[in-house]
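In what follows, a structure is listed as structure tokens, so that the remarks can point back to it.
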Amino acid sequence: QGFESVGLLLGKVHRCSGTLIDDGQWVLTAAHCLDRGKASHYTFTVEGESLSGSEKYVHPNWTGSVSNGSDIALLKLEAVASVTPANLHQPDNVTELTLPLEFTSVGFGLGGTGDTGATLTAIVKRAGSNLAEDRGGVFGWDNSVVLNDFDRPGDVSESTFGDGTTLDYEFNIASGDSGGAMFIDTNPGGPPVWELAGVTSLGWATDGDINSD
């Protein structure tokens, strides 16, 4: 509940996710989801309502390399969607986010488990939690890239960031989650107040096999 604004973004090349923002006629997603084809080639489906794109705006600093950051874009829809848009979290700079930071990731990526990796192909909206624990600078990437890892319960040896703390709904992205939402709860201890703080950009693996295990 609270993530109705996240929808499925389909183009001729990519299957991605996106989030309805602003007045309900704009979708925030990843640049690599929108950098091919015309705006009209894309369809955004949210809560059963499907709308075509009319304009698109890819971040001017997008180079095609996710490690350089700026993997963010906007799609203007042909009409205003009836779903309530997400509220944007608006710090002056991404580096003002204090890490570690618990967040909820929402998207239409493949399903699976930590043991199997991504295996299920059904197009289903899923959400789960993780901790943003570092920034891209640790790999020589742009610091606007916020990093998290998938922690195996009881085995901190495979943790890349932090102390290996596993959340109750530990979640990892998979193919199809690109452009999906990074929500943070700005009212901890009370009724959740979800704000959109980022978009899903990339997957990475210590073993070189980016299969979300």
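Residues in the structure tokens are named by chain (A, B, ... in the order shown) and by number from 1 within that chain; ligands are numbered from 1 in the order shown.
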Near-Gly11 in chain A list (12 Å; only C-alpha atoms; drop same-chain fewer than 6 positions) as a PDB file with N, CA, C and O atoms, in the first residue's frame:
ATOM      1  N   SER A  17      10.445  -0.133 -15.336  1.00  0.00           N
ATOM      2  CA  SER A  17       9.473   0.371 -14.376  1.00  0.00           C
ATOM      3  C   SER A  17       9.599   1.887 -14.333  1.00  0.00           C
ATOM      4  O   SER A  17      10.586   2.454 -14.813  1.00  0.00           O
ATOM      5  N   HIS A  32      18.481   4.884 -19.235  1.00  0.00           N
ATOM      6  CA  HIS A  32      18.737   3.772 -20.159  1.00  0.00           C
ATOM      7  C   HIS A  32      17.450   3.073 -20.603  1.00  0.00           C
ATOM      8  O   HIS A  32      17.472   2.252 -21.514  1.00  0.00           O
ATOM      9  N   CYS A  33      16.340   3.425 -19.951  1.00  0.00           N
ATOM     10  CA  CYS A  33      15.037   2.896 -20.381  1.00  0.00           C
ATOM     11  C   CYS A  33      14.409   3.744 -21.483  1.00  0.00           C
ATOM     12  O   CYS A  33      13.508   3.274 -22.186  1.00  0.00           O
ATOM     13  N   LEU A  34      14.859   4.983 -21.631  1.00  0.00           N
ATOM     14  CA  LEU A  34      14.218   5.911 -22.575  1.00  0.00           C
ATOM     15  C   LEU A  34      15.157   6.429 -23.656  1.00  0.00           C
ATOM     16  O   LEU A  34      14.755   7.291 -24.437  1.00  0.00           O
ATOM     17  N   ASP A  35      16.392   5.938 -23.711  1.00  0.00           N
ATOM     18  CA  ASP A  35      17.346   6.553 -24.630  1.00  0.00           C
ATOM     19  C   ASP A  35      17.290   5.987 -26.045  1.00  0.00           C
ATOM     20  O   ASP A  35      18.140   6.306 -26.877  1.00  0.00           O
ATOM     21  N   ARG A  36      16.290   5.144 -26.323  1.00  0.00           N
ATOM     22  CA  ARG A  36      16.123   4.630 -27.683  1.00  0.00           C
ATOM     23  C   ARG A  36      14.680   4.840 -28.138  1.00  0.00           C
ATOM     24  O   ARG A  36      13.746   4.594 -27.383  1.00  0.00           O
ATOM     25  N   GLY A  37      14.514   5.291 -29.364  1.00  0.00           N
ATOM     26  CA  GLY A  37      13.181   5.408 -29.921  1.00  0.00           C
ATOM     27  C   GLY A  37      12.475   6.702 -29.546  1.00  0.00           C
ATOM     28  O   GLY A  37      12.948   7.488 -28.739  1.00  0.00           O
ATOM     29  N   LYS A  38      11.310   6.899 -30.144  1.00  0.00           N
ATOM     30  CA  LYS A  38      10.496   8.078 -29.898  1.00  0.00           C
ATOM     31  C   LYS A  38       9.654   7.909 -28.636  1.00  0.00           C
ATOM     32  O   LYS A  38       9.397   6.796 -28.201  1.00  0.00           O
ATOM     33  N   ALA A  39       9.208   9.023 -28.087  1.00  0.00           N
ATOM     34  CA  ALA A  39       8.366   8.981 -26.893  1.00  0.00           C
ATOM     35  C   ALA A  39       7.105   8.159 -27.139  1.00  0.00           C
ATOM     36  O   ALA A  39       6.629   7.436 -26.261  1.00  0.00           O
ATOM     37  N   SER A  40       6.576   8.246 -28.345  1.00  0.00           N
ATOM     38  CA  SER A  40       5.335   7.534 -28.674  1.00  0.00           C
ATOM     39  C   SER A  40       5.527   6.021 -28.744  1.00  0.00           C
ATOM     40  O   SER A  40       4.542   5.279 -28.823  1.00  0.00           O
ATOM     41  N   HIS A  41       6.778   5.571 -28.716  1.00  0.00           N
ATOM     42  CA  HIS A  41       7.050   4.131 -28.734  1.00  0.00           C
ATOM     43  C   HIS A  41       6.874   3.502 -27.353  1.00  0.00           C
ATOM     44  O   HIS A  41       6.961   2.283 -27.215  1.00  0.00           O
ATOM     45  N   TYR A  42       6.655   4.334 -26.335  1.00  0.00           N
ATOM     46  CA  TYR A  42       6.579   3.846 -24.957  1.00  0.00           C
ATOM     47  C   TYR A  42       5.148   3.886 -24.435  1.00  0.00           C
ATOM     48  O   TYR A  42       4.390   4.811 -24.728  1.00  0.00           O
ATOM     49  N   THR A  43       4.836   2.872 -23.622  1.00  0.00           N
ATOM     50  CA  THR A  43       3.540   2.799 -22.954  1.00  0.00           C
ATOM     51  C   THR A  43       3.763   2.610 -21.465  1.00  0.00           C
ATOM     52  O   THR A  43       4.566   1.765 -21.045  1.00  0.00           O
ATOM     53  N   PHE A  44       3.066   3.390 -20.672  1.00  0.00           N
ATOM     54  CA  PHE A  44       3.147   3.299 -19.219  1.00  0.00           C
ATOM     55  C   PHE A  44       1.804   2.810 -18.687  1.00  0.00           C
ATOM     56  O   PHE A  44       0.768   3.423 -18.947  1.00  0.00           O
ATOM     57  N   THR A  45       1.837   1.686 -17.965  1.00  0.00           N
ATOM     58  CA  THR A  45       0.621   1.110 -17.400  1.00  0.00           C
ATOM     59  C   THR A  45       0.692   1.176 -15.887  1.00  0.00           C
ATOM     60  O   THR A  45       1.610   0.627 -15.272  1.00  0.00           O
ATOM     61  N   SER A  52       0.172   6.244 -23.566  1.00  0.00           N
ATOM     62  CA  SER A  52       1.364   6.351 -24.407  1.00  0.00           C
ATOM     63  C   SER A  52       2.146   7.611 -24.071  1.00  0.00           C
ATOM     64  O   SER A  52       1.595   8.578 -23.525  1.00  0.00           O
ATOM     65  N   GLY A  53       3.427   7.588 -24.415  1.00  0.00           N
ATOM     66  CA  GLY A  53       4.262   8.757 -24.206  1.00  0.00           C
ATOM     67  C   GLY A  53       4.050   9.793 -25.292  1.00  0.00           C
ATOM     68  O   GLY A  53       3.724   9.461 -26.436  1.00  0.00           O
ATOM     69  N   LEU A  75       9.322  10.853 -18.884  1.00  0.00           N
ATOM     70  CA  LEU A  75       8.407  10.618 -19.998  1.00  0.00           C
ATOM     71  C   LEU A  75       7.113  11.363 -19.712  1.00  0.00           C
ATOM     72  O   LEU A  75       6.485  11.159 -18.678  1.00  0.00           O
ATOM     73  N   GLY A 176      14.056  -5.740 -15.323  1.00  0.00           N
ATOM     74  CA  GLY A 176      12.701  -5.194 -15.346  1.00  0.00           C
ATOM     75  C   GLY A 176      12.455  -4.170 -14.257  1.00  0.00           C
ATOM     76  O   GLY A 176      11.503  -3.398 -14.326  1.00  0.00           O
TER      77      GLY A 176
END
Could you build a table of the residues in range 118-153 of chain A lying no more than 10 Å from range 159-168 of chain A, giving for each the nearest pair of atoms and their separation in Å rounded to one decimal place, using only C-alpha atoms, ordered by chain and ascending residue number, as a Markdown table?
| residue | atom | partner | partner_atom | distance |
| --- | --- | --- | --- | --- |
| A:Gly128 | CA | A:Asp168 | CA | 8.9 |
| A:Ser129 | CA | A:Leu167 | CA | 6.8 |
| A:Asn130 | CA | A:Leu167 | CA | 6.6 |
| A:Leu131 | CA | A:Leu167 | CA | 8.2 |
| A:Ala132 | CA | A:Phe161 | CA | 8.8 |
| A:Glu133 | CA | A:Gly162 | CA | 6.1 |
| A:Asp134 | CA | A:Phe161 | CA | 6.9 |
| A:Leu147 | CA | A:Phe161 | CA | 8.2 |
| A:Asn148 | CA | A:Phe161 | CA | 6.9 |
| A:Asp149 | CA | A:Thr160 | CA | 6.3 |
| A:Phe150 | CA | A:Ser159 | CA | 7.3 |
| A:Asp151 | CA | A:Thr166 | CA | 5.7 |
| A:Arg152 | CA | A:Thr166 | CA | 7.0 |
| A:Pro153 | CA | A:Thr166 | CA | 6.0 |
Generate a file of the selected residues that holds N, CA, C and O atoms, formatted as a short mmCIF file (atom, residue, chain, number, x, y, z; two decimals), in the first residue's frame.
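Final file, selection.cif:
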data_model
loop_
_atom_site.label_atom_id
_atom_site.label_comp_id
_atom_site.auth_asym_id
_atom_site.auth_seq_id
_atom_site.Cartn_x
_atom_site.Cartn_y
_atom_site.Cartn_z
N GLY A 128 10.23 -4.49 -1.72
CA GLY A 128 11.00 -5.05 -0.61
C GLY A 128 11.97 -4.01 -0.10
O GLY A 128 12.13 -2.93 -0.70
N SER A 129 12.63 -4.33 0.99
CA SER A 129 13.48 -3.37 1.68
C SER A 129 14.96 -3.69 1.54
O SER A 129 15.34 -4.84 1.32
N ASN A 130 15.77 -2.67 1.69
CA ASN A 130 17.21 -2.84 1.75
C ASN A 130 17.81 -1.61 2.42
O ASN A 130 17.08 -0.67 2.75
N LEU A 131 19.12 -1.63 2.60
CA LEU A 131 19.83 -0.51 3.18
C LEU A 131 20.78 0.09 2.16
O LEU A 131 21.63 -0.63 1.61
N ALA A 132 20.63 1.37 1.89
CA ALA A 132 21.64 2.09 1.10
C ALA A 132 22.80 2.37 2.04
O ALA A 132 22.64 3.06 3.05
N GLU A 133 23.97 1.79 1.72
CA GLU A 133 25.07 1.82 2.68
C GLU A 133 26.34 2.50 2.18
O GLU A 133 27.27 2.72 2.95
N ASP A 134 26.39 2.84 0.88
CA ASP A 134 27.58 3.51 0.37
C ASP A 134 27.24 4.22 -0.93
O ASP A 134 26.12 4.12 -1.43
N LEU A 147 24.52 2.90 -3.30
CA LEU A 147 24.74 1.46 -3.41
C LEU A 147 24.14 0.68 -2.25
O LEU A 147 24.14 1.14 -1.11
N ASN A 148 23.63 -0.50 -2.57
CA ASN A 148 23.19 -1.45 -1.54
C ASN A 148 23.57 -2.85 -2.00
O ASN A 148 23.86 -3.08 -3.17
N ASP A 149 23.56 -3.79 -1.07
CA ASP A 149 23.83 -5.18 -1.45
C ASP A 149 22.74 -6.09 -0.89
O ASP A 149 21.93 -5.68 -0.07
N PHE A 150 22.72 -7.31 -1.38
CA PHE A 150 21.75 -8.31 -0.91
C PHE A 150 22.47 -9.20 0.11
O PHE A 150 23.42 -9.90 -0.23
N ASP A 151 22.03 -9.13 1.36
CA ASP A 151 22.69 -9.85 2.45
C ASP A 151 22.04 -11.21 2.68
O ASP A 151 20.82 -11.31 2.83
N ARG A 152 22.88 -12.23 2.73
CA ARG A 152 22.40 -13.58 3.01
C ARG A 152 22.25 -13.76 4.52
O ARG A 152 23.21 -13.55 5.26
N PRO A 153 21.08 -14.16 5.01
CA PRO A 153 20.90 -14.33 6.46
C PRO A 153 21.93 -15.29 7.05
O PRO A 153 22.15 -16.39 6.55
#
Proximity to Asp142 in chain A - best of A:Leu74, A:Ala79, A:Val66, A:Val199, only C-alpha atoms:
A:Val66
Report the distance between CA of Gly114 in chain A and CA of Ser212 in chain A in Å, rounded to one decimal place.
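Calculated distance between CA of Gly114 in chain A and CA of Ser212 in chain A is 7.1 Å.
For the pair CA of Val124 in chain A and CA of Phe108 in chain A, the interatomic distance is 5.5 Å.
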Just how far from CA of Trp204 in chain A is CA of Lys56 in chain A, in Å to one decimal?
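Computing it gives 27.3 Å between the two atoms.
Nearest residue to His14 in chain A, choosing from A:Glu170, A:Asp207, A:Asp177, A:Glu102 and counting only C-alpha atoms: A:Asp177.
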So which one's closest to Glu47 in chain A, A:Trp26, A:Thr63, A:Ala73, A:Phe3? Using only C-alpha atoms, please.
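Of A:Trp26, A:Thr63, A:Ala73, A:Phe3, the one nearest Glu47 in chain A, counting only C-alpha atoms, is A:Phe3.
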Fewer than 6 positions away in the same chain doesn't count, so skip those; otherwise give me all residues within 12 Å of Ala181 in chain A, counting only C-alpha atoms, as a PyMOL selection string.
chain A and resi 2-8+16-21+27-30+72+86-89+103-109+125-129+173+194-201
With N, CA and C atoms retained, export the selected residues as a compact mmCIF listing (two decimals), in the first residue's frame.
# COMPACT_ATOMS: atom_id res chain seq x y z
N GLY A 2 0.50 2.24 -0.79
CA GLY A 2 1.28 3.46 -0.88
C GLY A 2 2.18 3.52 -2.09
N PHE A 3 2.19 2.45 -2.91
CA PHE A 3 3.08 2.42 -4.07
C PHE A 3 2.29 2.31 -5.37
N GLU A 4 1.06 2.81 -5.36
CA GLU A 4 0.21 2.72 -6.55
C GLU A 4 0.78 3.50 -7.72
N SER A 5 1.63 4.47 -7.45
CA SER A 5 2.17 5.33 -8.51
C SER A 5 3.22 4.63 -9.36
N VAL A 6 3.71 3.47 -8.94
CA VAL A 6 4.73 2.74 -9.71
C VAL A 6 4.04 1.90 -10.78
N GLY A 7 4.50 2.04 -12.02
CA GLY A 7 3.88 1.33 -13.13
C GLY A 7 4.90 0.65 -14.01
N LEU A 8 4.39 -0.06 -15.00
CA LEU A 8 5.19 -0.81 -15.96
C LEU A 8 5.43 0.05 -17.20
N CYS A 16 10.76 -1.92 -18.48
CA CYS A 16 11.27 -1.22 -17.30
C CYS A 16 10.12 -0.89 -16.36
N SER A 17 10.44 -0.13 -15.34
CA SER A 17 9.47 0.37 -14.38
C SER A 17 9.60 1.89 -14.33
N GLY A 18 8.62 2.53 -13.77
CA GLY A 18 8.65 3.98 -13.63
C GLY A 18 7.65 4.42 -12.59
N THR A 19 7.73 5.69 -12.21
CA THR A 19 6.86 6.21 -11.16
C THR A 19 6.18 7.50 -11.62
N LEU A 20 4.89 7.55 -11.43
CA LEU A 20 4.10 8.73 -11.77
C LEU A 20 4.40 9.84 -10.77
N ILE A 21 4.73 11.04 -11.29
CA ILE A 21 5.06 12.17 -10.42
C ILE A 21 4.34 13.42 -10.89
N VAL A 27 6.31 10.61 -15.90
CA VAL A 27 6.85 9.39 -15.33
C VAL A 27 8.35 9.57 -15.16
N LEU A 28 8.83 9.31 -13.95
CA LEU A 28 10.26 9.33 -13.66
C LEU A 28 10.79 7.91 -13.80
N THR A 29 11.87 7.76 -14.57
CA THR A 29 12.43 6.43 -14.81
C THR A 29 13.92 6.57 -15.04
N ALA A 30 14.57 5.51 -15.50
CA ALA A 30 16.00 5.53 -15.78
C ALA A 30 16.25 5.98 -17.21
N ILE A 72 18.78 8.91 -15.45
CA ILE A 72 17.46 9.35 -15.03
C ILE A 72 16.79 10.09 -16.19
N ALA A 86 3.40 10.06 -6.90
CA ALA A 86 4.28 9.96 -5.74
C ALA A 86 4.76 11.35 -5.33
N ASN A 87 5.06 11.50 -4.04
CA ASN A 87 5.68 12.72 -3.54
C ASN A 87 7.19 12.59 -3.67
N LEU A 88 7.84 13.63 -4.19
CA LEU A 88 9.28 13.62 -4.35
C LEU A 88 9.98 14.04 -3.07
N HIS A 89 11.04 13.32 -2.71
CA HIS A 89 11.93 13.75 -1.64
C HIS A 89 12.90 14.75 -2.25
N PHE A 103 15.40 1.80 2.74
CA PHE A 103 14.50 2.23 1.68
C PHE A 103 13.69 1.04 1.19
N THR A 104 12.64 1.33 0.47
CA THR A 104 11.81 0.30 -0.15
C THR A 104 11.89 0.45 -1.66
N SER A 105 12.27 -0.63 -2.32
CA SER A 105 12.39 -0.65 -3.78
C SER A 105 11.12 -1.26 -4.36
N VAL A 106 10.60 -0.64 -5.43
CA VAL A 106 9.36 -1.10 -6.05
C VAL A 106 9.54 -1.15 -7.56
N GLY A 107 9.18 -2.28 -8.16
CA GLY A 107 9.30 -2.39 -9.61
C GLY A 107 8.69 -3.66 -10.14
N PHE A 108 8.84 -3.86 -11.43
CA PHE A 108 8.26 -4.99 -12.15
C PHE A 108 9.34 -5.95 -12.65
N GLY A 109 10.37 -6.15 -11.84
CA GLY A 109 11.46 -7.03 -12.22
C GLY A 109 11.11 -8.50 -12.05
N LYS A 125 4.17 -6.46 -9.94
CA LYS A 125 4.78 -5.43 -9.12
C LYS A 125 5.21 -6.04 -7.78
N ARG A 126 6.47 -5.82 -7.43
CA ARG A 126 6.99 -6.33 -6.16
C ARG A 126 7.69 -5.20 -5.41
N ALA A 127 7.70 -5.34 -4.08
CA ALA A 127 8.38 -4.35 -3.24
C ALA A 127 9.14 -5.07 -2.14
N GLY A 128 10.23 -4.49 -1.72
CA GLY A 128 11.00 -5.05 -0.61
C GLY A 128 11.97 -4.01 -0.10
N SER A 129 12.63 -4.33 0.99
CA SER A 129 13.48 -3.37 1.68
C SER A 129 14.96 -3.69 1.54
N ILE A 173 17.12 -6.07 -6.67
CA ILE A 173 16.53 -5.78 -7.98
C ILE A 173 16.86 -6.88 -8.97
N TRP A 194 5.61 8.00 2.44
CA TRP A 194 6.59 7.58 1.45
C TRP A 194 6.93 8.72 0.51
N GLU A 195 8.23 8.92 0.29
CA GLU A 195 8.70 9.91 -0.66
C GLU A 195 9.69 9.26 -1.62
N LEU A 196 9.60 9.63 -2.87
CA LEU A 196 10.46 9.06 -3.91
C LEU A 196 11.82 9.74 -3.87
N ALA A 197 12.87 8.95 -3.60
CA ALA A 197 14.21 9.50 -3.42
C ALA A 197 15.20 9.08 -4.50
N GLY A 198 14.79 8.18 -5.39
CA GLY A 198 15.71 7.75 -6.43
C GLY A 198 15.07 6.74 -7.35
N VAL A 199 15.81 6.33 -8.39
CA VAL A 199 15.34 5.32 -9.32
C VAL A 199 16.37 4.20 -9.43
N THR A 200 15.92 3.01 -9.74
CA THR A 200 16.81 1.87 -9.91
C THR A 200 17.59 2.02 -11.22
N SER A 201 18.92 1.86 -11.12
CA SER A 201 19.77 2.09 -12.27
C SER A 201 20.51 0.84 -12.74
